[in-house]
Each structure stands twice: as structure tokens, then as C-alpha cells.
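**Student:** My structure is below; once you've seen it, I'll send some questions.
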Amino acid sequence: MTEILTNPVFTTWDPNFSLWSNTLITLYMTAGTMLLSALVGVPLGVALFETSRSPHGLTRWINRVVGFAVNVGRSFPFIILIIALIPVTRFVVGRVTGPNAAMFALTISAIPFLARLIEINLQEVAAGKIEAVRMMGATRFQVIRQVLLPEALPGIIGSLTTTAIAVIGYTAMAGAVGGKGLGDLAIRMGYQSYDNVVMIATVVILVLIVIALQSAGTALARAVDHRAVSR
Amino acid sequence: MVITLDGLTKVFPAPSGGDPVVALGGIDLHIGKGSIHGIVGRSGAGKSTLIRCLTGLEKPTSGRVEIDGTDIAALEGAALRAARREIGMVFQQANLLDSRTAAKNIAHPLEIIGMPAARRAERVAELVSLVGLEGRENNHPAQLSGGQIQRVGIARGLAAEPKVLLCDEPTSALDPSTTRQILQLIRDLRSRLGITVVIITHEMSVVREVCDEVTLLENGTVAQSGSLLEVASDPTGPLAPELIPLPPAPTGVDDVMVDCDYGGNSRMRTTQDLIDLAATYGTRATIVAGTIETIAGVQVGRVQLALHNHDGTPITRPGLQQFLTDLREAGVVATEARR
């Protein structure tokens, strides 16, 4: 028992071995990725939804181009994407290794995934509600701000939660560019060095993070959902 | 005239290989200020297309759609958005936003026209009491009954003080007693605000209860249009049998039967007048079936009378002919009933 507890995975803060610093690195990469991909992915999802409804030739073309880019982005195996992005990462982040470099690739990968989910969330807003507010003389932008986003909010929170959990999974591959984190620790120390203690400890922490994230997401979605009766 | 439709047509392009679909084939219609105008017709008659043209959601193929002197069909962009603010709209499913409370839903059109928050709160309080929703302001739609939801919908439609309130099947999702309350509310609002109301409906009971005028659409054209009294007392028109239906007579009566439509411009004011006329020939008339309505203070009826002499013998052919002639002279549409 003491042998387990004195394992360097628990006793050090050295990012090469420590469970604790790698937990923080995973949380940092996930939070940063979610912030950046929400900033781009939500507006992109709105753009996909808006252009798909339009009868005009030009907007239909924009929809096709954006839709194609989203499909390409989603179909790349993440490990390939990290490596393929290295030149771009060098240009944008300034270096090709470390958590920030990994975060760039994670964000590029999460944006199209999130954008598609947001588009689906918006499609679930009843057309009659949009028409009713257009009839009040609302502009397109007012319809987005006052109808689409608030009415789809519970679903959007669900999409953000789903994306965040997928991102946690992808952070395991961040080790490929020296990004570190729990997944990298499990692969290097647990799998490649046959240390079952490290393997089990990282899995337990990952499960706890996912459960906490999912519960928080579900609770938040429920709190903003006024469709269900809550007298 | 608040609403004038002039040669309104809407043709949808042909679905692959077929002929173009004529949804509206030249509609002329005038609706005066302060009236409640019903538009009825089967599904596919063009009601929905008509309402979409009235709101500028659909561009007509040709013709004018004037609301308060402005041709909606010719407007785009900001001018169209401004014109839409003159039209309040009430929907079958209300189409309230679930994310907003009743008060916030009612305030929504006011936010869009940019009314300051303090003035908005005052106006919302007025509207809440106008439609009888006191105490429910902070409930979300999911916490309200169907009738309360439609009251919110009506208050929202009226919020920006439109000239016209357009109601698309406003009671079709409601039970009969709630329907009556909502129609009563619409009538009240018309007399208090002097607003012009257009009600699209497939329910004749709605027309009977609330409309002053009615237009029947058939295959995208106006089949009949006029005041409720006019159309109800014109038994040759298509609307009268719908508004004043003749229920089936009981079986087992073997007397001679006469169908009578009276009201409006006939000299027979009530069913009793018909019975009294028969009595002058020594004939006993019994009402076996009928519908009697009071429209705009005038009795309009469609009844079936069974006739025999007071001594129990059947009425003679000449006697019957004389009775029919006298009825027709008094402005009643009378025919011997086929059995």
C-alpha cells in the first residue's frame, strides 16, 4: 500500500511523472480549447444554419463551401491533423511543442464538430417562433440574438458539454507534440512502462472529470430550460 | 379602407414536370376600419397564402396588398419591417418564446421598435390587464394553460398598437369554452380599441360568434363575400348552408314538408310568422327540423315545416301551392322538401 502511495506519480509535481500537474495541464488544454472553439464554432454554426435557409444563390454557395470545410475538418484523424498542422502551428503559436501548440490543433479540430452540433440545435427551434418575431419587424440579427440563441440555449449547453468531453479524449494525443496531460501520462508511464498504478490513477481521474463535466452541463441546461414544467 | 386587396394573384412555380400552382387567382377584397372579417375555406383554398401575402412573408405574383394606404407587396428591407409593425399577428399555436416569461413575450415587439424600458413596463402592465392575465406575468409559457397562452399571444399582437390584428386559426387548438372566451376577448378589444381584425378560420362557429363580415375562398378565388347577415340570408349562396345548417328531420313523419329560409330582407321576422301564415289557410305547421340564429339583431332561420290540415287530413296540392306562393311573396325561399 505504501509502495503505491510513494509512486512518483503521486509525490512529485514534475510534469514528466506527476498525476497532479498533468491533471491541471489537461484541464488547461480543455478549457482553453473550449473557449477558443466556442468563440468561432458558435458563430460558424449560426452561419451554417442561416445560409442553409436562404433561397439566394450566393448564400447557398457559402453554405456549401463552409459545409465542405466542416466535413473535411471532422473527418481528419486527430493524430494526423496535429502533424499536418505543424507548419501552421509554428506560424500561429510560435512553437510546435507544448500544451499551447496542442491546444491550437485541438481547437481546429473542435470547431467544425461544435459548429455542426450548434447548427442542429438551431434547426430544432420551431419555424413559427422565428416567423412570429420577423412579423414584429425584427432584423435578421435580432432574430438570431432574441430567438435562435435563447430558444436553443439548453441544447447549445449540451453541445458544448459533448464537445468538451470529446476534447478531453483528444488531449490524450497531445503527447505527440509534447503537450503532456493525463492521456500522455497514461500512455508513457502506464502503458509503455507497465506501471498499472499510473494507468489506473489516470483513468480514475479522467472518469471523475468527465462525470463532473457532464453533471454540470446537464444541471446548467436544465436551469435554463423553460420548456419543461417547473412550477 | 384599412385593408384593400386588388387583383392579388400568387402563382408558385411548377413542381418538376407539372403545371404552375395558382394559389391565389385574383382576389379583390376591402376591409373597413373596426370590422371583424372572417376568411374561411377548406385547406388548400388559399387562406395561408393570403395571410402570408398580407404580412409580406410572401411576394404576390401580381396585384396590390394595401394596408392603411401602403402597398406591402412593393416593400423590402427596412420599409417592409416598418410596415409589419402596423400588423399584429396571432397564431394558432401562439408561437411564444419558451425562454421568455409572459411579460417578456408581450414586451418583445416593443423591444424591437426600441421603446425605452420604463415606458415598456407600463405598456406591458396595461396589456396584461387588457387581456386578463394579472398575476401570470412572470410565468413561462410551459406554466400557462392553452387559453392563457393565447391571451399572451393576443397581448403580444396588440403591443405595438398595430392598425390590424391578423389572427391565423386563433382558436383551433383550444377547447370550446376557452374558444368562446378568446372570441369574446377579440370582440371586446375591437370595441375598446377600434382595431380592425382579420380572422382566418375553418370553423363556422367562429364566424357566427365573432365576425361582422365573411369571405369564402375556393380554389384561390373569392366564392362569396359580404356582411354576415347578407351571406346568411342568401340561401342560394354557398355560405348560408354552412352558417345556418338544416339538420336532418326525424323519420316517420309522412306529412308534406316545406323547407323555408327566411331572415334579412324577408317580411317573415320569426318562425312564428311562418306558422301564423299557415294557420290562415286552416293548416297546421310543425317545425320538424331547423337552425335559428340571431345575426346583427336579425333572426335568420332555416326550418323544415310539416303541414297538415287542422282536422287531421293531408294538405291539398292547391293549398300547398298557395302557401309556397305566399311565402315567396313575403321574401322567404320556400321549396317542397324532397323525401
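All residue names refer to the C-alpha cells as shown: chains lettered A, B, ... in order, residues numbered from 1 in each chain, ligands numbered from 1 in order.
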If you count only C-alpha atoms, which residues fall within 12 Å of Leu183 (chain B), apart from same-chain ones fewer than 5 positions away, as a PyMOL selection string?
**Tutor:** chain B and resi 36+131+147+150-151+154+167+169-172+174+176-178+188-190+197+199+205-211
**Student:** Write out as JSON, numbers by chain each polymer residue whose atoms come within 12 Å of Gly32 (chain A), counting only C-alpha atoms; drop sequence neighbours fewer than 2 positions from it.
**Tutor:** {"A": [24, 25, 26, 27, 28, 29, 30, 34, 35, 36, 37, 38, 39, 99, 100, 101, 102, 103, 104, 105, 106, 107, 110, 164, 167, 168, 171]}
**Student:** Please provide the set of residues having any atom within 12 Å of Gly114 (chain B), restricted to only C-alpha atoms, with same-chain residues fewer than 6 positions apart removed, written as JSON, numbers by chain.
**Tutor:** {"A": [136, 137, 138, 142], "B": [85, 107, 108, 120, 160]}
**Student:** Go ahead and save the residues from that selection, with C-alpha atoms, as a compact mmCIF listing (two decimals), in the first residue's frame.
**Tutor:**
# COMPACT_ATOMS: atom_id res chain seq x y z
CA MET A 136 -42.76 42.15 -35.37
CA GLY A 137 -40.39 43.82 -37.80
CA ALA A 138 -37.23 42.21 -36.41
CA GLN A 142 -32.40 40.46 -33.89
CA ARG B 85 -45.21 46.89 -37.21
CA ALA B 107 -42.78 43.20 -24.40
CA HIS B 108 -40.94 41.66 -27.35
CA ARG B 120 -42.26 49.36 -21.97
CA ALA B 160 -47.06 47.88 -30.66
**Student:** Can you work out the spacing between CA of Arg74 (chain A) and CA of Arg188 (chain A) in Å, to one decimal?
**Tutor:**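 One can read the CA of Arg74 (chain A) to CA of Arg188 (chain A) distance as 27.2 Å.
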**Student:** Return as a compact mmCIF listing (two decimals) with N, CA and C atoms, in the first residue's frame the residues belonging to chain B that are within 9 Å of chain A, counting only C-alpha atoms.
**Tutor:**
# COMPACT_ATOMS: atom_id res chain seq x y z
N THR B 55 -48.79 39.76 -44.85
CA THR B 55 -47.71 40.11 -43.94
C THR B 55 -46.40 40.34 -44.66
N GLY B 56 -46.40 40.17 -45.98
CA GLY B 56 -45.16 40.37 -46.72
C GLY B 56 -44.18 39.23 -46.58
N LEU B 57 -44.60 38.10 -45.98
CA LEU B 57 -43.71 36.94 -45.91
C LEU B 57 -43.63 36.29 -47.28
N GLY B 77 -36.89 45.14 -47.20
CA GLY B 77 -35.93 45.58 -46.19
C GLY B 77 -36.55 46.39 -45.07
N ALA B 78 -35.93 47.53 -44.76
CA ALA B 78 -36.33 48.34 -43.60
C ALA B 78 -37.77 48.84 -43.74
N LEU B 80 -40.24 47.39 -45.31
CA LEU B 80 -41.15 46.27 -45.04
C LEU B 80 -41.23 46.00 -43.54
N ARG B 81 -40.06 46.05 -42.86
CA ARG B 81 -40.07 45.81 -41.42
C ARG B 81 -40.90 46.87 -40.70
N ALA B 82 -40.81 48.12 -41.16
CA ALA B 82 -41.60 49.19 -40.55
C ALA B 82 -43.08 48.95 -40.78
N ALA B 83 -43.44 48.53 -42.00
CA ALA B 83 -44.85 48.31 -42.33
C ALA B 83 -45.42 47.15 -41.51
N ARG B 84 -44.59 46.14 -41.24
CA ARG B 84 -45.06 44.99 -40.48
C ARG B 84 -45.45 45.38 -39.07
N ARG B 85 -44.88 46.47 -38.57
CA ARG B 85 -45.21 46.89 -37.21
C ARG B 85 -46.64 47.42 -37.10
N GLU B 86 -47.26 47.67 -38.26
CA GLU B 86 -48.68 48.10 -38.27
C GLU B 86 -49.61 46.89 -38.22
N ILE B 87 -49.02 45.69 -38.28
CA ILE B 87 -49.84 44.47 -38.28
C ILE B 87 -49.48 43.65 -37.05
N GLY B 88 -50.48 43.36 -36.21
CA GLY B 88 -50.25 42.45 -35.09
C GLY B 88 -50.69 41.08 -35.54
N MET B 89 -49.99 40.06 -35.08
CA MET B 89 -50.32 38.73 -35.59
C MET B 89 -50.53 37.76 -34.43
N VAL B 90 -51.60 36.96 -34.54
CA VAL B 90 -51.91 35.94 -33.53
C VAL B 90 -51.95 34.60 -34.26
N PHE B 91 -51.24 33.62 -33.72
CA PHE B 91 -51.09 32.34 -34.40
C PHE B 91 -51.86 31.23 -33.71
N GLN B 93 -50.78 28.26 -32.78
CA GLN B 93 -50.01 27.71 -31.66
C GLN B 93 -49.37 28.83 -30.83
N ALA B 94 -49.81 30.06 -31.02
CA ALA B 94 -49.32 31.23 -30.29
C ALA B 94 -47.87 31.58 -30.62
N ASN B 95 -47.01 30.55 -30.79
CA ASN B 95 -45.60 30.79 -31.14
C ASN B 95 -44.90 31.71 -30.15
N LEU B 96 -45.18 31.53 -28.86
CA LEU B 96 -44.46 32.30 -27.85
C LEU B 96 -43.05 31.72 -27.70
N LEU B 97 -42.12 32.53 -27.20
CA LEU B 97 -40.79 32.03 -26.92
C LEU B 97 -40.78 31.39 -25.53
N ASP B 98 -40.34 30.14 -25.46
CA ASP B 98 -40.31 29.43 -24.17
C ASP B 98 -39.30 30.04 -23.22
N SER B 99 -38.27 30.71 -23.78
CA SER B 99 -37.22 31.25 -22.93
C SER B 99 -37.66 32.54 -22.25
N ARG B 100 -38.81 33.09 -22.62
CA ARG B 100 -39.26 34.36 -22.05
C ARG B 100 -40.51 34.15 -21.20
N HIS B 108 -41.88 41.89 -26.24
CA HIS B 108 -40.94 41.66 -27.35
C HIS B 108 -41.10 42.63 -28.53
N PRO B 109 -42.32 42.84 -29.03
CA PRO B 109 -42.46 43.79 -30.16
C PRO B 109 -42.01 45.20 -29.78
N LEU B 110 -42.16 45.54 -28.48
CA LEU B 110 -41.78 46.88 -28.02
C LEU B 110 -40.27 47.01 -27.97
N ILE B 112 -38.33 45.51 -30.00
CA ILE B 112 -37.89 45.60 -31.40
C ILE B 112 -38.11 47.01 -31.95
N ILE B 113 -39.18 47.69 -31.53
CA ILE B 113 -39.34 49.07 -32.00
C ILE B 113 -38.49 50.04 -31.19
N ASN B 139 -44.80 34.01 -15.32
CA ASN B 139 -44.79 32.60 -15.68
C ASN B 139 -44.25 32.42 -17.08
N HIS B 140 -43.57 31.29 -17.28
CA HIS B 140 -43.15 30.93 -18.64
C HIS B 140 -44.31 30.21 -19.33
N PRO B 141 -44.32 30.19 -20.68
CA PRO B 141 -45.44 29.55 -21.38
C PRO B 141 -45.75 28.14 -20.90
N ALA B 142 -44.71 27.36 -20.54
CA ALA B 142 -44.96 25.98 -20.10
C ALA B 142 -45.80 25.92 -18.83
N GLN B 143 -45.88 27.05 -18.11
CA GLN B 143 -46.64 27.07 -16.86
C GLN B 143 -48.05 27.63 -17.05
N GLY B 157 -49.59 40.51 -29.85
CA GLY B 157 -50.01 41.02 -31.15
C GLY B 157 -50.44 42.48 -31.09
N ALA B 160 -47.60 46.71 -29.97
CA ALA B 160 -47.06 47.88 -30.66
C ALA B 160 -48.17 48.74 -31.29
**Student:** If you measure from CA of Phe78 (chain A) to CA of Arg60 (chain A), what distance in Å do you get, rounded to one decimal?
**Tutor:**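 Rounded to one decimal, the two atoms are 29.2 Å apart.
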**Student:** Quick one: pull the distance between CA of Glu122 (chain B) and CA of Glu137 (chain B), Å, one decimal.
**Tutor:**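 CA of Glu137 (chain B) lies at a distance of 12.8 Å from CA of Glu122 (chain B).
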**Student:** Between B:Asp6, B:Ala289, B:Gly25, B:Asp255, which is the closest to Ala223 (chain B) once you count only C-alpha atoms?
**Tutor:** B:Gly25
**Student:** As a list in words, please: the residues near Ala23 (chain B) (cut-off 9 Å, only C-alpha atoms, same-chain neighbours under 5 positions excluded).
**Tutor:**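 Answer for this query is Thr9, Lys10, Val11, Phe12, Gly44, Ala45, Gly46, Thr49, Leu50, Asn219, Gly220 and Thr221 of chain B.
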**Student:** Give me, as an mmCIF file with N, CA and C atoms, in the first residue's frame, all polymer residues having an atom no more than 8 Å from Ala174 (chain A), counting only C-alpha atoms and skipping those fewer than 4 positions away in the same chain.
**Tutor:**
data_model
loop_
_atom_site.group_PDB
_atom_site.id
_atom_site.type_symbol
_atom_site.label_atom_id
_atom_site.label_comp_id
_atom_site.auth_asym_id
_atom_site.auth_seq_id
_atom_site.Cartn_x
_atom_site.Cartn_y
_atom_site.Cartn_z
ATOM 1 N N PRO A 99 1.779 22.418 -24.439
ATOM 2 C CA PRO A 99 0.317 22.447 -24.320
ATOM 3 C C PRO A 99 -0.345 23.466 -25.260
ATOM 4 N N ALA A 102 -0.497 22.108 -28.741
ATOM 5 C CA ALA A 102 -1.525 21.062 -28.806
ATOM 6 C C ALA A 102 -2.912 21.686 -28.806
ATOM 7 N N TYR A 170 -9.365 13.709 -26.878
ATOM 8 C CA TYR A 170 -8.334 14.053 -27.863
ATOM 9 C C TYR A 170 -7.045 14.541 -27.206
ATOM 10 N N GLY A 178 4.371 16.782 -27.548
ATOM 11 C CA GLY A 178 4.895 17.190 -26.251
ATOM 12 C C GLY A 178 3.927 18.035 -25.458
ATOM 13 N N GLY A 179 2.645 17.807 -25.670
ATOM 14 C CA GLY A 179 1.640 18.622 -24.978
ATOM 15 C C GLY A 179 1.415 18.186 -23.543
ATOM 16 N N LYS A 180 1.821 16.957 -23.230
ATOM 17 C CA LYS A 180 1.604 16.373 -21.913
ATOM 18 C C LYS A 180 0.114 16.253 -21.577
ATOM 19 N N GLY A 181 -0.196 16.068 -20.294
ATOM 20 C CA GLY A 181 -1.575 15.859 -19.877
ATOM 21 C C GLY A 181 -1.788 14.413 -19.457
ATOM 22 N N ASP A 184 -1.358 11.492 -22.050
ATOM 23 C CA ASP A 184 0.059 11.291 -22.356
ATOM 24 C C ASP A 184 0.739 10.535 -21.220
#
**Student:** Might you pull out every residue within 7 Å of Gly217 (chain A), with only C-alpha atoms counted and same-chain residues fewer than 5 positions away left off, and present them as JSON, numbers by chain?
**Tutor:** {"A": [157, 158, 161]}
**Student:** Using DSSP on the backbone coordinates, identify all residues within region 89-223 of chain B classified as helix (DSSP H, G or I); present the result as a ChimeraX atom specification.
**Tutor:** /B:102-112,117-130,141-143,146-158,176-193,204-210
**Student:** Please, could you write that set of residues out with C-alpha atoms as an mmCIF file, in the first residue's frame?
**Tutor:**
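Done, and the output landed in selection_4.cif:
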data_model
loop_
_atom_site.group_PDB
_atom_site.id
_atom_site.type_symbol
_atom_site.label_atom_id
_atom_site.label_comp_id
_atom_site.auth_asym_id
_atom_site.auth_seq_id
_atom_site.Cartn_x
_atom_site.Cartn_y
_atom_site.Cartn_z
ATOM 1 C CA ALA B 102 -45.383 36.042 -20.329
ATOM 2 C CA ALA B 103 -44.467 39.684 -19.673
ATOM 3 C CA LYS B 104 -41.231 39.433 -21.694
ATOM 4 C CA ASN B 105 -43.104 37.827 -24.591
ATOM 5 C CA ILE B 106 -45.622 40.671 -24.558
ATOM 6 C CA ALA B 107 -42.780 43.202 -24.395
ATOM 7 C CA HIS B 108 -40.941 41.661 -27.347
ATOM 8 C CA PRO B 109 -42.456 43.789 -30.157
ATOM 9 C CA LEU B 110 -41.782 46.878 -28.016
ATOM 10 C CA GLU B 111 -38.112 45.922 -27.639
ATOM 11 C CA ILE B 112 -37.892 45.602 -31.396
ATOM 12 C CA ALA B 117 -37.587 50.048 -20.710
ATOM 13 C CA ALA B 118 -39.647 52.185 -18.301
ATOM 14 C CA ARG B 119 -42.294 53.022 -20.885
ATOM 15 C CA ARG B 120 -42.260 49.361 -21.965
ATOM 16 C CA ALA B 121 -43.033 48.123 -18.440
ATOM 17 C CA GLU B 122 -46.024 50.489 -18.242
ATOM 18 C CA ARG B 123 -47.353 49.324 -21.583
ATOM 19 C CA VAL B 124 -46.924 45.645 -20.652
ATOM 20 C CA ALA B 125 -48.876 46.198 -17.421
ATOM 21 C CA GLU B 126 -51.695 47.800 -19.454
ATOM 22 C CA LEU B 127 -51.755 44.884 -21.898
ATOM 23 C CA VAL B 128 -51.686 42.282 -19.125
ATOM 24 C CA SER B 129 -54.824 43.758 -17.582
ATOM 25 C CA LEU B 130 -56.396 44.265 -21.030
ATOM 26 C CA PRO B 141 -45.438 29.553 -21.381
ATOM 27 C CA ALA B 142 -44.962 25.977 -20.101
ATOM 28 C CA GLN B 143 -46.643 27.068 -16.863
ATOM 29 C CA GLY B 146 -53.825 26.911 -23.595
ATOM 30 C CA GLY B 147 -56.239 29.811 -23.116
ATOM 31 C CA GLN B 148 -53.708 31.830 -21.110
ATOM 32 C CA ILE B 149 -51.050 31.193 -23.770
ATOM 33 C CA GLN B 150 -53.371 32.557 -26.461
ATOM 34 C CA ARG B 151 -54.115 35.607 -24.265
ATOM 35 C CA VAL B 152 -50.375 36.263 -24.127
ATOM 36 C CA GLY B 153 -50.287 35.799 -27.918
ATOM 37 C CA ILE B 154 -53.070 38.366 -28.366
ATOM 38 C CA ALA B 155 -51.469 40.851 -25.958
ATOM 39 C CA ARG B 156 -48.187 40.472 -27.849
ATOM 40 C CA GLY B 157 -50.013 41.019 -31.154
ATOM 41 C CA LEU B 158 -51.505 44.250 -29.797
ATOM 42 C CA PRO B 176 -64.969 25.039 -26.804
ATOM 43 C CA SER B 177 -65.299 27.053 -23.605
ATOM 44 C CA THR B 178 -61.814 28.590 -23.962
ATOM 45 C CA THR B 179 -62.656 29.319 -27.611
ATOM 46 C CA ARG B 180 -65.695 31.331 -26.509
ATOM 47 C CA GLN B 181 -63.598 33.291 -24.001
ATOM 48 C CA ILE B 182 -60.952 34.121 -26.589
ATOM 49 C CA LEU B 183 -63.559 35.192 -29.168
ATOM 50 C CA GLN B 184 -65.273 37.328 -26.527
ATOM 51 C CA LEU B 185 -61.891 38.923 -25.811
ATOM 52 C CA ILE B 186 -61.326 39.671 -29.514
ATOM 53 C CA ARG B 187 -64.767 41.300 -29.761
ATOM 54 C CA ASP B 188 -64.120 43.360 -26.610
ATOM 55 C CA LEU B 189 -60.774 44.537 -27.922
ATOM 56 C CA ARG B 190 -62.327 45.622 -31.191
ATOM 57 C CA SER B 191 -64.903 47.765 -29.418
ATOM 58 C CA ARG B 192 -62.391 49.194 -26.944
ATOM 59 C CA LEU B 193 -59.527 49.850 -29.357
ATOM 60 C CA MET B 204 -68.049 28.282 -38.999
ATOM 61 C CA SER B 205 -68.866 28.632 -35.287
ATOM 62 C CA VAL B 206 -66.062 31.219 -35.023
ATOM 63 C CA VAL B 207 -67.572 33.175 -37.923
ATOM 64 C CA ARG B 208 -71.054 33.042 -36.374
ATOM 65 C CA GLU B 209 -69.827 34.135 -32.961
ATOM 66 C CA VAL B 210 -67.474 36.955 -33.761
#
**Student:** I'd like the neighbourhood of region 237-253 of chain B as a list in words, where a residue qualifies if any of its atoms comes within 8 Å (using only C-alpha atoms), though same-chain residues fewer than 3 positions away should be ignored.
**Tutor:**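 Here the answer would be Met204, Ser205, Arg208, Leu216, Ala223, Gln224, Val231, Ala232, Ser233, Asp234, Val288, Ala289, Gly290, Thr291, Ile292, Glu293, Val300, Gly301, Arg302, Val303, Gln304 and Ala306 of chain B.
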**Student:** According to DSSP computed on the backbone, where in region 2-32 of chain B is there strand (DSSP E)? Give the residues as JSON, numbers by chain.
**Tutor:** {"B": [3, 4, 5, 6, 7, 8, 9, 10, 11, 12, 21, 22, 23, 24, 25, 26, 27, 28, 29, 30, 31]}
**Student:** Can you work out which one of A:Val203, A:Thr163, A:Phe141, A:Thr89 has the shortest atom-to-atom distance to Tyr191 (chain A), counting only C-alpha atoms?
**Tutor:**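 Checking each of A:Val203, A:Thr163, A:Phe141, A:Thr89 against Tyr191 (chain A), counting only C-alpha atoms, the winner is A:Val203.
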